[in-house]
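Visitor: Provided herewith is a single structure, encoded as structure tokens, for subsequent inquiry.
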Amino acid sequence: MNASASRQPPSAEADPRQSGLWRLRGRWTLSNAGAMGEVLRSAPEHVAMVDARGVDRLDTLGVLQLMRFARRRELDFSAFEFDPAHQHLVEAIEDVGDDRPKKKRDYGFQAALGRLGFAVADNAGEIVALISFLGENLAKFARLVKQPWRFKPTATVFHMEQVGLDAVPLVLLLSYLVGAVIAFLGANILADFGATIYVVELVSIAFLREFGVLLTAIILAGRTASAFTAQIGAMVSREEVDAMRTLGLDPVDVLVLPRLIALVIMLPLLSFLADIAGLAGGISVGAFSLGIPPQAYLARMQDTFEMRHFLVGMSKAPIFAVLIALIGCLEGLQVKGTAQSVGERTTSSVVQSISLVIVIDAIAAIWFMQMDW
Amino acid sequence: MTSPQSPAPSPDDREAIITVRGLVNRFGEQVVHDGLDLDVRRGEILGVVGGSGTGKSVLMRSILGLRRPDAGEIEVLGVDALSEDPHDRHHIERRTGVLFQDGALFSSLSVGENVQVPLKEHYPDLADSLRYELALLKVKLSGLPADALDKLPSQLSGGMRKRAGLARALALDPPLLFLDEPTAGLDPIGAAAFDELTRTLQQALGLTVFLITHDLDTLYRICDRVAVLADRKVVVNAPLAEVERLDHPWVQEYFHGPRARAAQATRERNLARVQPQAT
């Protein structure tokens, strides 16, 4: 049996002298799966024994097909004859036996209800985890006052650069564009009342109170929460965090607090820049589309400006910063050891940060309005 | 494929299934391979050894087409391995199985699904139930229990992951198998079991095995020839007895240091025990 000689497809023929004996020829391999199936299906009823010594090439699928054939026709597979060269393969497969994996039970509707229940319970658990993580961080931040050697200034400044400085171009650009869009939108509607000049207040109040901070927070939630989760998650899956703990370093001190402090410092600064960029957007639209010359625009803005709008906006910035940093870091620390887990947690941290930021912003807006601030 | 009892054909009359000539690999200033030549013969288990940084994995990746070498020619299964012709690449991919160091299983698929990936990719017309049965068979042939089929890679121990990776590498019954440090990180019993598995499957499926390893026990237990990478080339590619005699400082230290002597002693003891009842 030289393997390179013939490339014959699998075939079988009945032995003319011995009835019930079936001889196989050709290549019984994976590439001929279809042909093998056909030959076996068309086997006559009275086949009792198979002689596979004339087979050129036999692989695992070939043996498997023959075993299944034997089982279907209730023949004794161990009585089948094989070429000595194929003996090892057949024995290796026979040795492995008939184990099958246990069947999994999965009732459709019940399983779906169960998953829903688990999801709700999980979410409740996540909220509790977040609150407890907040507590832990506050406690350890307070500890920095008594044990200042725990503070990592290099890490903190590094994150300030990554989180703040590197985000400046992005925040400026996006805020400028949103400011311009608001100005356009407002002008469209106010023009009907001949009150186009009120666009100035619209952009200025909207941006200072809401959009400056909210936009910055959303941009950073997407950019920074995912970065924190991926960085810390990758460290967890490589056992770096475990290594830290065994060396006596507190992962919160080393990983979380620098990121938290960096974000709390930089988010208000970035919001301030966003405010300026948004107002600049309004001025540009006023100058180029609405026929409000910049001097007039700026004069009106100064007249109508009230410090409280700016303070209301800025007061939300540190809260958003804490939220984004905590969610990003917590999700990172909860990563399990796989690549898929890092991806899932990163998505989850961005979604959670953006959702919570918007929810808290809405609550704050209502509160400030009730308080008349 | 010859059985272990009949006399093996002399090494020179078995054809080369992999031919490497004049291979050069550079990483910036650092030259890892400089005019490397290697032959891997059909049906043999070739152990590839070398100190850390001698480019064993780089050599494997060059042969597999995962890295384009800076110079040289590589022929695998009669086809130019460096060709960009999809037909040539396909010819090699369908006939090669690779076990990466930690199994490299797809983490979002179960073991069974992992093994079915090459089957689905290259033989899409195969019936679902047949493909499932074939995957189950490969998993069991690799020494895993049937229940491992539905487990995710993250639920397996290191040894089981390697076996699952082996099952996937063998999914298409390839004539050529690459193993990258398969016994790294396994306990001695697990490592011995894996070596036995490699030997059994090699005989059953008629495989040619390119085995990168540091494990002296593996070399002494199952390798037909050993290729030593040193000085940016293959300094010797021959059966162990010949390699041990080579007058090269690294080879001498590797094969005559205390660990090597222990490995040889273990092998001699085992051979003496097995001899009376030939397998």
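Each chain in the structure tokens gets a letter, A, B and so on, in the order shown; residues start at 1 in every chain, and ligands are counted from 1 in the order they appear.
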Could you give me, as a tab-separated table, a per-residue list for region 12-129 of chain B showing, wherever an atom lies at most 12 Å from an atom of region 46-65 of chain A, the closest pair of atoms and their distance in Å to one decimal, using only C-alpha atoms and sorting by chain then residue number from low to high?

Guide:
residue	atom	partner	partner_atom	distance
B:Leu119	CA	A:Leu61	CA	11.3
B:Leu126	CA	A:Leu61	CA	10.7
B:Ala127	CA	A:Gln65	CA	11.9
B:Ser129	CA	A:Gln65	CA	11.6

Visitor: With C-alpha atoms retained, could you export that selection as a PDB file, in the first residue's frame?

Guide:
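Below is the file that was written, again.pdb:
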ATOM      1  CA  LEU B 119     -13.121  21.442  10.343  1.00  0.00           C
ATOM      2  CA  LEU B 126     -19.237  17.997   6.565  1.00  0.00           C
ATOM      3  CA  ALA B 127     -22.493  17.104   8.336  1.00  0.00           C
ATOM      4  CA  SER B 129     -23.348  15.526  13.680  1.00  0.00           C
TER       5      SER B 129
END

Visitor: What residues in region 120-157 of chain A get the DSSP label alpha helix (DSSP H)? Please answer as a ChimeraX atom specification.

Guide: /A:120-146,153-157

Visitor: When DSSP is applied to the backbone of this structure, which of region 59-225 of chain B are assigned strand (DSSP E)? Write them out as a list in words.

Guide: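 Residues of region 59-225 of chain B classed as strand (DSSP E): Ala71, Gly72, Glu73, Ile74, Glu75, Val76, Val79, Asp80, Thr96, Gly97, Val98, Leu99, Leu176, Leu177, Phe178, Leu179, Asp180, Thr208, Val209, Phe210, Leu211, Ile212 and Arg225 of chain B.
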
Visitor: Tell me which protein, DNA and RNA residues are within 12 Å of Ser142 (chain B), counting only C-alpha atoms, leaving out same-chain ones fewer than 6 positions away, and put them as a ChimeraX atom specification.

Guide: /A:92-93,95-96 /B:111,115,135-136,148-149,159-171,193-202

Visitor: Could you list, as a ChimeraX atom specification, the residues of chain A having an atom within 6 Å of chain B when counting only C-alpha atoms?

Guide: /A:88-89,99-101

Visitor: Calculated over only C-alpha atoms, which of the candidates A:Met36, A:Leu279, A:Ile324, A:Leu330 has the smallest distance to Val163 (chain A)?

Guide: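 Of all the options, A:Ile324 lies closest to Val163 (chain A).
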
Visitor: Determine, counting only C-alpha atoms, which protein, DNA and RNA residues have an atom within 8 Å of an atom of Phe100 (chain B); residues of the same chain fewer than 4 positions away are not included. Present the result as a PyMOL selection string.

Guide: chain B and resi 104+165+179-182

Visitor: Could you write out that same residue set with N, CA and C atoms as an mmCIF file, in the first residue's frame?

Guide:
data_model
loop_
_atom_site.group_PDB
_atom_site.id
_atom_site.type_symbol
_atom_site.label_atom_id
_atom_site.label_comp_id
_atom_site.auth_asym_id
_atom_site.auth_seq_id
_atom_site.Cartn_x
_atom_site.Cartn_y
_atom_site.Cartn_z
ATOM 1 N N ALA B 104 -3.202 28.259 23.101
ATOM 2 C CA ALA B 104 -3.762 29.293 22.214
ATOM 3 C C ALA B 104 -5.189 28.961 21.798
ATOM 4 N N GLY B 165 -5.449 21.999 22.985
ATOM 5 C CA GLY B 165 -4.753 22.610 21.857
ATOM 6 C C GLY B 165 -4.242 21.558 20.892
ATOM 7 N N LEU B 179 4.994 21.379 17.659
ATOM 8 C CA LEU B 179 4.729 21.497 19.089
ATOM 9 C C LEU B 179 5.725 22.480 19.680
ATOM 10 N N ASP B 180 5.224 23.570 20.285
ATOM 11 C CA ASP B 180 6.111 24.572 20.875
ATOM 12 C C ASP B 180 6.156 24.386 22.381
ATOM 13 N N GLU B 181 7.244 23.781 22.865
ATOM 14 C CA GLU B 181 7.456 23.519 24.294
ATOM 15 C C GLU B 181 6.214 22.924 24.952
ATOM 16 N N PRO B 182 5.779 21.750 24.498
ATOM 17 C CA PRO B 182 4.528 21.204 24.997
ATOM 18 C C PRO B 182 4.577 20.808 26.467
#

Visitor: Do you have the CA of Phe288 (chain A)-CA of His309 (chain A) distance handy?

Guide: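 CA of His309 (chain A) lies at a distance of 26.5 Å from CA of Phe288 (chain A).
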
Visitor: Which is closer to Asp224 (chain B) than all the others in B:Val32, B:Ala184, B:Leu66, B:Leu46, using only C-alpha atoms?

Guide: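 Closest to Asp224 (chain B) of all the choices is B:Leu46.
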
Visitor: Residues near region 291-308 of chain A, anyone? I mean within 8 Å using only C-alpha atoms, not counting same-chain ones fewer than 5 positions away, as a VMD selection string.

Guide: chain A and resid 197 200 to 201 204 283 to 284 286 373

Visitor: With N, CA and C atoms retained, could you export that selection as a short mmCIF file (atom, residue, chain, number, x, y, z; two decimals), in the first residue's frame?

Guide:
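This is the output file again_38.cif:
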data_model
loop_
_atom_site.label_atom_id
_atom_site.label_comp_id
_atom_site.auth_asym_id
_atom_site.auth_seq_id
_atom_site.Cartn_x
_atom_site.Cartn_y
_atom_site.Cartn_z
N ILE A 197 -30.83 87.73 19.31
CA ILE A 197 -29.75 88.14 20.21
C ILE A 197 -29.71 87.27 21.47
N VAL A 200 -27.08 84.45 22.72
CA VAL A 200 -25.91 84.65 23.60
C VAL A 200 -26.16 84.02 24.96
N GLU A 201 -27.33 84.35 25.55
CA GLU A 201 -27.63 83.74 26.86
C GLU A 201 -27.81 82.24 26.75
N SER A 204 -24.45 80.58 26.51
CA SER A 204 -23.64 80.78 27.71
C SER A 204 -24.23 80.03 28.89
N ILE A 283 -19.71 82.26 19.64
CA ILE A 283 -19.26 83.53 19.06
C ILE A 283 -19.03 83.39 17.57
N SER A 284 -18.41 82.27 17.17
CA SER A 284 -18.13 82.08 15.73
C SER A 284 -19.42 82.05 14.94
N GLY A 286 -22.27 83.25 15.81
CA GLY A 286 -22.87 84.59 15.84
C GLY A 286 -22.23 85.49 14.79
N TRP A 373 -30.83 78.08 42.38
CA TRP A 373 -29.43 78.51 42.26
C TRP A 373 -29.01 78.67 40.83
#

Visitor: Just the residues within 8 Å of Lys316 (chain A), please, counting only C-alpha atoms, with nothing from its chain fewer than 4 positions along; format it as JSON, numbers by chain.

Guide: {"A": [213, 312, 320, 361, 364]}

Visitor: Closest to Ser353 (chain A) among A:Met67, A:Arg41, A:Leu165, A:Leu130, using only C-alpha atoms?

Guide: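 Of A:Met67, A:Arg41, A:Leu165, A:Leu130, the one nearest Ser353 (chain A) is A:Leu130, counting only C-alpha atoms.
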
Visitor: Give me the residues near region 234-249 of chain B as a CSV table (one decimal) with N, CA and C atoms, in the first residue's frame, where near means some atom within 7 Å (using only C-alpha atoms) and where sequence neighbours in that chain fewer than 3 positions away do not count.

Guide:
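Below is the file that was written, selection_37.csv:
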chain,number,residue,atom,x,y,z
B,36,LEU,N,20.9,29.6,8.1
B,36,LEU,CA,20.5,28.4,8.8
B,36,LEU,C,19.9,27.4,7.8
B,37,ASP,N,20.4,26.1,7.9
B,37,ASP,CA,19.8,25.0,7.0
B,37,ASP,C,19.2,24.0,8.0
B,38,LEU,N,18.1,23.4,7.5
B,38,LEU,CA,17.5,22.3,8.3
B,38,LEU,C,16.7,21.4,7.4
B,224,ASP,N,13.4,11.2,17.6
B,224,ASP,CA,14.3,10.3,16.7
B,224,ASP,C,15.6,11.0,16.4
B,225,ARG,N,15.5,12.4,16.1
B,225,ARG,CA,16.7,13.1,15.9
B,225,ARG,C,16.6,14.4,16.7
B,226,VAL,N,17.7,15.1,16.9
B,226,VAL,CA,17.7,16.3,17.6
B,226,VAL,C,18.5,17.4,16.8
B,227,ALA,N,17.9,18.5,16.6
B,227,ALA,CA,18.6,19.6,15.9
B,227,ALA,C,18.9,20.7,16.9
B,228,VAL,N,20.2,21.0,17.0
B,228,VAL,CA,20.6,22.0,18.0
B,228,VAL,C,20.9,23.4,17.3
B,229,LEU,N,20.2,24.4,17.9
B,229,LEU,CA,20.4,25.7,17.4
B,229,LEU,C,21.5,26.4,18.2
B,230,ALA,N,22.5,26.9,17.6
B,230,ALA,CA,23.6,27.6,18.3
B,230,ALA,C,24.3,28.4,17.2
B,252,GLN,N,27.9,20.3,24.8
B,252,GLN,CA,28.5,19.6,25.9
B,252,GLN,C,27.9,19.9,27.2
B,253,GLU,N,27.7,21.2,27.4
B,253,GLU,CA,27.1,21.6,28.7
B,253,GLU,C,25.7,21.1,28.9
B,255,PHE,N,24.1,18.6,27.3
B,255,PHE,CA,23.9,17.2,27.3
B,255,PHE,C,24.8,16.4,28.3

Visitor: Interatomic distance between CA of Glu113 (chain B) and CA of Lys104 (chain A)?

Guide: 15.4 Å

Visitor: Given the choices B:Gln30, B:Ser83, B:Asn25, B:Gln264, which gets closest to Arg61 (chain B) if the distance is worked out from only C-alpha atoms?

Guide: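 With only C-alpha atoms as the atom set, the closest residue is B:Asn25.
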